[in-house]
Amino acid sequence: MKTIRIVERTLPLAWEKAVLACWREGDPFPTQYDKPGDPNSRDVLALIHVTEPLAEPRIHRAFPGGPADLEKYRAEVLYGVHDHWIDPAAGKWEYTYHQRLFAYRLPGPEGRVYNQIERCAAMLRECGFTRRAQAVTWQVWEDLGISDPACLQRLWFRVQDGRLNMVAHMRSNDAFKASFMNMYAFIELQREVARAVGVPVGEYCHVADSFHIYGSYFAEFEGFLKLVERRPPDQRVWDWSWGLEMYIEGCDALLAEPDMPADKRRLVEDRRRALRDMSIA
């Protein structure tokens with residue numbers, strides 16, 4: 001088993017260093033998603049520590065996707081804009097992170113739901129140094145038998161020196177194609193919990209038991225390696241504000257979905273309005 005530990009001030013630099021470390025040091029592993037002829041993945045156990053997660057620059061130019069995709073994923077995690085797509089019987093989604101974190105369905109015939117994030121914030125307001133403020137996603141009575149079990153396992157919060165730290169623990173994390181968006185959205189969630197507690201955002205740690213680059217992506221990954229090699233550090237990142245118009249485009253794409261529930265639509269409309277006000281200011 002190979003392990004990596006990355007400590008950096010900003011998210012894009014931490015992500016870049018973690019992905020490069022996985023590429024250079026990762027163990028070869030087959031995966032359950034390989035097609036015939038695919039190379040083995042490269043795989044490490046990773047701890048990625050971002051000491052100032054909201055510091056600029058916040059966006060890496062080479063993450064697969066763009067600012068609009070970040071905004072849509074943020075809305076999925078924070079607002080649950082696609083929770084209505086959960087319908088395993090119809091062959092649709094089996095869960096969302098938002099549903100597991102904000103409406104955790106307890107086992108039993110009554111099917112009660114529990115808002116873990118709200119409860120964590122309440123616990124931290126009562127006692128900031130508690131070690132008990134965590135929200136879990138794994139539902140053992142379901143996830144040991146479904147085709148796509150939750151990768152995010154839990155979020156753990158604690159206030160230190162008047163700031164809210166958070167640890168996100170993943171059982172499995174696609175280092176190249178998913179982890180930047182995961183970390184970005186989880187930090188946005190950390191910001192919302194910090195607001196609910198009434199403290200600033202502190203540090204962010206991202207732990208992945210299997211932080212991996214799939215063999216089927218190796219050809220595409222060459223583009224990432226060339227960008228990192230050829231461009232100086234300041235040309236590999238953007239400040240968050242650079243993508244402002246594209247975050248608005250992400251909101252527009254969500255609002256164009258005809259089946260979005262009215263309460264979720266209002267959240268996206270409010271978010272779009274706030275982004276538009278930033279662009280005008």
# chains A, B, ... in the order shown; residues from 1 in each chain; ligands from 1
$ select_by_dssp --residues "region 197-281 of chain A" --states "strand (DSSP E)" --output "list of chain:residue names"
A:Val201, A:Gly202, A:Glu203, A:Tyr204, A:Cys205, A:His206, A:Val207, A:Ala208, A:Asp209, A:Ser210, A:Phe211, A:His212, A:Ile213, A:Val237, A:Trp238
$ closest_residue --among "A:Ser216, A:Ser147, A:Asn182, A:Thr137" --to "Ser41 (chain A)" --atoms "only C-alpha atoms"
A:Ser216
$ closest_residue --among "A:Glu249, A:Trp85, A:Val140, A:Arg272" --to "Pro107 (chain A)" --atoms "only C-alpha atoms"
A:Val140
$ closest_residue --among "A:Cys205, A:Tyr214, A:Glu245, A:Ala135" --to "Tyr33 (chain A)" --atoms "only C-alpha atoms"
A:Tyr214
$ residues_around --residues "Asp234 (chain A)" --least-positions-apart "2" --cutoff "12 Å" --atoms "only C-alpha atoms" --output "MDAnalysis selection string"
chainID A and resid 12:13 56:61 227:228 230:232 236:239
$ write_last_selection --atoms "N, CA and C atoms" --output "PDB file, in the first residue's frame"
ATOM      1  N   PRO A  12      -6.219  24.397  -5.515  1.00  0.00           N
ATOM      2  CA  PRO A  12      -5.696  23.896  -6.794  1.00  0.00           C
ATOM      3  C   PRO A  12      -4.281  23.340  -6.697  1.00  0.00           C
ATOM      4  N   LEU A  13      -3.430  23.966  -5.883  1.00  0.00           N
ATOM      5  CA  LEU A  13      -2.069  23.447  -5.753  1.00  0.00           C
ATOM      6  C   LEU A  13      -2.073  22.112  -5.020  1.00  0.00           C
ATOM      7  N   GLU A  56      -7.413  32.476  -2.564  1.00  0.00           N
ATOM      8  CA  GLU A  56      -7.197  32.503  -4.008  1.00  0.00           C
ATOM      9  C   GLU A  56      -5.748  32.160  -4.320  1.00  0.00           C
ATOM     10  N   PRO A  57      -5.532  31.545  -5.497  1.00  0.00           N
ATOM     11  CA  PRO A  57      -6.515  31.112  -6.494  1.00  0.00           C
ATOM     12  C   PRO A  57      -7.241  29.849  -6.043  1.00  0.00           C
ATOM     13  N   ARG A  58      -8.495  29.709  -6.494  1.00  0.00           N
ATOM     14  CA  ARG A  58      -9.312  28.577  -6.046  1.00  0.00           C
ATOM     15  C   ARG A  58      -9.588  27.551  -7.140  1.00  0.00           C
ATOM     16  N   ILE A  59      -9.288  27.878  -8.390  1.00  0.00           N
ATOM     17  CA  ILE A  59      -9.651  27.000  -9.509  1.00  0.00           C
ATOM     18  C   ILE A  59      -8.404  26.563 -10.268  1.00  0.00           C
ATOM     19  N   HIS A  60      -8.298  25.262 -10.552  1.00  0.00           N
ATOM     20  CA  HIS A  60      -7.210  24.760 -11.390  1.00  0.00           C
ATOM     21  C   HIS A  60      -7.698  24.681 -12.834  1.00  0.00           C
ATOM     22  N   ARG A  61      -6.896  25.189 -13.739  1.00  0.00           N
ATOM     23  CA  ARG A  61      -7.307  25.244 -15.146  1.00  0.00           C
ATOM     24  C   ARG A  61      -7.429  23.867 -15.782  1.00  0.00           C
ATOM     25  N   LEU A 227       0.349  20.166 -19.554  1.00  0.00           N
ATOM     26  CA  LEU A 227       0.023  21.511 -19.081  1.00  0.00           C
ATOM     27  C   LEU A 227       0.858  21.862 -17.859  1.00  0.00           C
ATOM     28  N   VAL A 228       0.964  20.919 -16.916  1.00  0.00           N
ATOM     29  CA  VAL A 228       1.733  21.177 -15.700  1.00  0.00           C
ATOM     30  C   VAL A 228       3.209  21.387 -16.027  1.00  0.00           C
ATOM     31  N   ARG A 230       4.518  22.493 -18.962  1.00  0.00           N
ATOM     32  CA  ARG A 230       4.826  23.601 -19.858  1.00  0.00           C
ATOM     33  C   ARG A 230       4.457  24.972 -19.311  1.00  0.00           C
ATOM     34  N   ARG A 231       3.477  25.035 -18.410  1.00  0.00           N
ATOM     35  CA  ARG A 231       3.017  26.336 -17.936  1.00  0.00           C
ATOM     36  C   ARG A 231       3.566  26.646 -16.549  1.00  0.00           C
ATOM     37  N   PRO A 232       3.926  27.908 -16.303  1.00  0.00           N
ATOM     38  CA  PRO A 232       4.346  28.276 -14.948  1.00  0.00           C
ATOM     39  C   PRO A 232       3.158  28.197 -13.995  1.00  0.00           C
ATOM     40  N   ARG A 236      -1.518  28.059 -14.384  1.00  0.00           N
ATOM     41  CA  ARG A 236      -2.232  26.790 -14.197  1.00  0.00           C
ATOM     42  C   ARG A 236      -3.454  26.965 -13.298  1.00  0.00           C
ATOM     43  N   VAL A 237      -3.707  28.182 -12.847  1.00  0.00           N
ATOM     44  CA  VAL A 237      -4.784  28.428 -11.884  1.00  0.00           C
ATOM     45  C   VAL A 237      -5.553  29.693 -12.266  1.00  0.00           C
ATOM     46  N   TRP A 238      -6.752  29.815 -11.702  1.00  0.00           N
ATOM     47  CA  TRP A 238      -7.572  31.019 -11.835  1.00  0.00           C
ATOM     48  C   TRP A 238      -8.091  31.427 -10.465  1.00  0.00           C
ATOM     49  N   ASP A 239      -8.276  32.722 -10.260  1.00  0.00           N
ATOM     50  CA  ASP A 239      -9.075  33.174  -9.131  1.00  0.00           C
ATOM     51  C   ASP A 239     -10.523  32.785  -9.361  1.00  0.00           C
TER      52      ASP A 239
END
$ atom_distance --atom1 "CA of Glu229 (chain A)" --atom2 "CA of Arg24 (chain A)"
14.1 Å
$ closest_residue --among "A:Ile86, A:Val197, A:Ile48, A:Leu101" --to "Leu155 (chain A)" --atoms "only C-alpha atoms"
A:Leu101
$ residues_around --residues "Val81 (chain A)" --least-positions-apart "2" --cutoff "8 Å" --atoms "only C-alpha atoms" --output "mmCIF file with N, CA and C atoms, in the first residue's frame"
data_model
loop_
_atom_site.group_PDB
_atom_site.id
_atom_site.type_symbol
_atom_site.label_atom_id
_atom_site.label_comp_id
_atom_site.auth_asym_id
_atom_site.auth_seq_id
_atom_site.Cartn_x
_atom_site.Cartn_y
_atom_site.Cartn_z
ATOM 1 N N ALA A 75 -24.495 22.909 -6.512
ATOM 2 C CA ALA A 75 -25.932 22.932 -6.259
ATOM 3 C C ALA A 75 -26.468 21.547 -5.918
ATOM 4 N N GLU A 76 -25.880 20.512 -6.489
ATOM 5 C CA GLU A 76 -26.287 19.146 -6.132
ATOM 6 C C GLU A 76 -25.966 18.848 -4.669
ATOM 7 N N TYR A 79 -27.766 22.006 -2.326
ATOM 8 C CA TYR A 79 -29.208 22.233 -2.450
ATOM 9 C C TYR A 79 -30.010 20.968 -2.731
ATOM 10 N N ASP A 83 -32.062 15.608 -6.233
ATOM 11 C CA ASP A 83 -32.557 14.554 -5.336
ATOM 12 C C ASP A 83 -33.788 13.868 -5.911
ATOM 13 N N HIS A 84 -34.541 14.596 -6.736
ATOM 14 C CA HIS A 84 -35.761 14.006 -7.313
ATOM 15 C C HIS A 84 -35.432 12.961 -8.383
ATOM 16 N N MET A 260 -37.363 20.251 -12.365
ATOM 17 C CA MET A 260 -36.801 20.647 -11.079
ATOM 18 C C MET A 260 -37.905 21.113 -10.127
ATOM 19 N N PRO A 261 -37.941 20.598 -8.903
ATOM 20 C CA PRO A 261 -38.961 21.012 -7.939
ATOM 21 C C PRO A 261 -38.886 22.509 -7.641
ATOM 22 N N LYS A 264 -36.337 23.838 -5.008
ATOM 23 C CA LYS A 264 -34.957 23.809 -5.484
ATOM 24 C C LYS A 264 -34.728 24.918 -6.513
ATOM 25 N N ARG A 265 -35.719 25.143 -7.345
ATOM 26 C CA ARG A 265 -35.610 26.206 -8.344
ATOM 27 C C ARG A 265 -35.400 27.563 -7.672
#
$ residues_around --residues "Thr31 (chain A)" --least-positions-apart "2" --cutoff "12 Å" --atoms "only C-alpha atoms" --output "tab-separated table (two decimals) with N, CA and C atoms, in the first residue's frame"
chain	number	residue	atom	x	y	z
A	28	PRO	N	-0.10	-0.29	-8.89
A	28	PRO	CA	-0.99	-0.74	-9.97
A	28	PRO	C	-2.12	-1.62	-9.42
A	29	PHE	N	-3.35	-1.28	-9.79
A	29	PHE	CA	-4.50	-2.07	-9.34
A	29	PHE	C	-5.47	-2.23	-10.50
A	33	TYR	N	-14.28	-1.69	-13.04
A	33	TYR	CA	-14.82	-0.98	-14.20
A	33	TYR	C	-13.95	-1.16	-15.45
A	34	ASP	N	-12.85	-1.90	-15.34
A	34	ASP	CA	-11.94	-2.03	-16.47
A	34	ASP	C	-12.59	-2.76	-17.63
A	35	LYS	N	-12.23	-2.33	-18.82
A	35	LYS	CA	-12.58	-3.04	-20.05
A	35	LYS	C	-11.37	-3.85	-20.50
A	36	PRO	N	-11.57	-4.87	-21.33
A	36	PRO	CA	-10.43	-5.66	-21.79
A	36	PRO	C	-9.36	-4.77	-22.41
A	38	ASP	N	-7.56	-2.49	-20.80
A	38	ASP	CA	-7.26	-1.30	-20.01
A	38	ASP	C	-6.05	-1.55	-19.11
A	39	PRO	N	-5.15	-0.57	-19.02
A	39	PRO	CA	-4.05	-0.73	-18.05
A	39	PRO	C	-4.58	-0.70	-16.62
A	40	ASN	N	-3.79	-1.21	-15.70
A	40	ASN	CA	-4.15	-1.08	-14.30
A	40	ASN	C	-4.19	0.40	-13.90
A	41	SER	N	-5.05	0.70	-12.94
A	41	SER	CA	-5.08	2.06	-12.39
A	41	SER	C	-3.83	2.29	-11.54
A	42	ARG	N	-3.60	3.56	-11.19
A	42	ARG	CA	-2.57	3.90	-10.21
A	42	ARG	C	-3.31	4.36	-8.95
A	43	ASP	N	-2.89	3.87	-7.79
A	43	ASP	CA	-3.74	3.96	-6.60
A	43	ASP	C	-2.89	4.20	-5.36
A	172	SER	N	-13.34	5.82	-1.86
A	172	SER	CA	-12.83	5.73	-3.23
A	172	SER	C	-12.98	7.09	-3.89
A	174	ASP	N	-11.85	9.22	-7.59
A	174	ASP	CA	-11.22	9.37	-8.89
A	174	ASP	C	-10.36	10.63	-8.84
A	210	SER	N	-8.78	5.01	-1.41
A	210	SER	CA	-8.30	4.68	-2.75
A	210	SER	C	-8.40	5.94	-3.61
A	212	HIS	N	-7.23	7.34	-6.96
A	212	HIS	CA	-6.75	6.58	-8.11
A	212	HIS	C	-6.93	7.32	-9.43
A	213	ILE	N	-6.09	6.94	-10.37
A	213	ILE	CA	-6.21	7.39	-11.76
A	213	ILE	C	-6.49	6.14	-12.59
A	214	TYR	N	-7.65	6.10	-13.24
A	214	TYR	CA	-8.03	4.92	-14.01
A	214	TYR	C	-7.12	4.73	-15.22
A	215	GLY	N	-6.79	3.47	-15.51
A	215	GLY	CA	-5.98	3.18	-16.68
A	215	GLY	C	-6.62	3.64	-17.97
A	216	SER	N	-7.95	3.60	-18.03
A	216	SER	CA	-8.65	4.03	-19.25
A	216	SER	C	-8.49	5.52	-19.52
$ atom_distance --atom1 "CA of Ala253 (chain A)" --atom2 "CA of His98 (chain A)"
19.3 Å
$ select_by_dssp --residues "region 1-236 of chain A" --states "alpha helix (DSSP H)" --output "ChimeraX atom specification"
/A:11-25,67-79,97-102,116-126,140-143,179-197,218-230
$ closest_residue --among "A:Val113, A:Val50, A:Ile146, A:Leu78" --to "Trp93 (chain A)" --atoms "only C-alpha atoms"
A:Ile146
$ closest_residue --among "A:His206, A:Arg100, A:Arg171, A:Arg131" --to "Ala18 (chain A)" --atoms "only C-alpha atoms"
A:His206
$ residues_around --residues "Val19 (chain A)" --least-positions-apart "3" --cutoff "6 Å" --atoms "only C-alpha atoms" --output "PyMOL selection string"
chain A and resi 16+22+175
$ write_last_selection --atoms "N, CA and C atoms" --output "JSON list (two decimals), in the first residue's frame"
[["chain", "number", "residue", "atom", "x", "y", "z"],
["A", 16, "GLU", "N", -3.33, 19.49, -7.53],
["A", 16, "GLU", "CA", -2.31, 19.19, -8.53],
["A", 16, "GLU", "C", -1.22, 18.29, -7.96],
["A", 22, "CYS", "N", 0.00, 10.67, -7.04],
["A", 22, "CYS", "CA", -0.68, 9.42, -7.36],
["A", 22, "CYS", "C", -0.11, 8.81, -8.65],
["A", 175, "ALA", "N", -9.05, 10.45, -8.74],
["A", 175, "ALA", "CA", -8.14, 11.56, -8.50],
["A", 175, "ALA", "C", -8.19, 12.61, -9.60]]
$ residues_around --residues "Pro64 (chain A)" --least-positions-apart "4" --cutoff "8 Å" --atoms "only C-alpha atoms" --output "VMD selection string"
chain A and resid 176 to 178
$ write_last_selection --atoms "N, CA and C atoms" --output "PDB file, in the first residue's frame"
ATOM      1  N   PHE A 176      -8.192  12.158 -10.846  1.00  0.00           N
ATOM      2  CA  PHE A 176      -8.101  13.085 -11.972  1.00  0.00           C
ATOM      3  C   PHE A 176      -9.445  13.696 -12.332  1.00  0.00           C
ATOM      4  N   LYS A 177     -10.477  12.884 -12.467  1.00  0.00           N
ATOM      5  CA  LYS A 177     -11.721  13.388 -13.043  1.00  0.00           C
ATOM      6  C   LYS A 177     -12.751  13.869 -12.027  1.00  0.00           C
ATOM      7  N   ALA A 178     -12.615  13.495 -10.771  1.00  0.00           N
ATOM      8  CA  ALA A 178     -13.673  13.836  -9.814  1.00  0.00           C
ATOM      9  C   ALA A 178     -13.201  14.596  -8.589  1.00  0.00           C
TER      10      ALA A 178
END
$ atom_distance --atom1 "CA of Ser279 (chain A)" --atom2 "CA of Tyr247 (chain A)"
10.6 Å
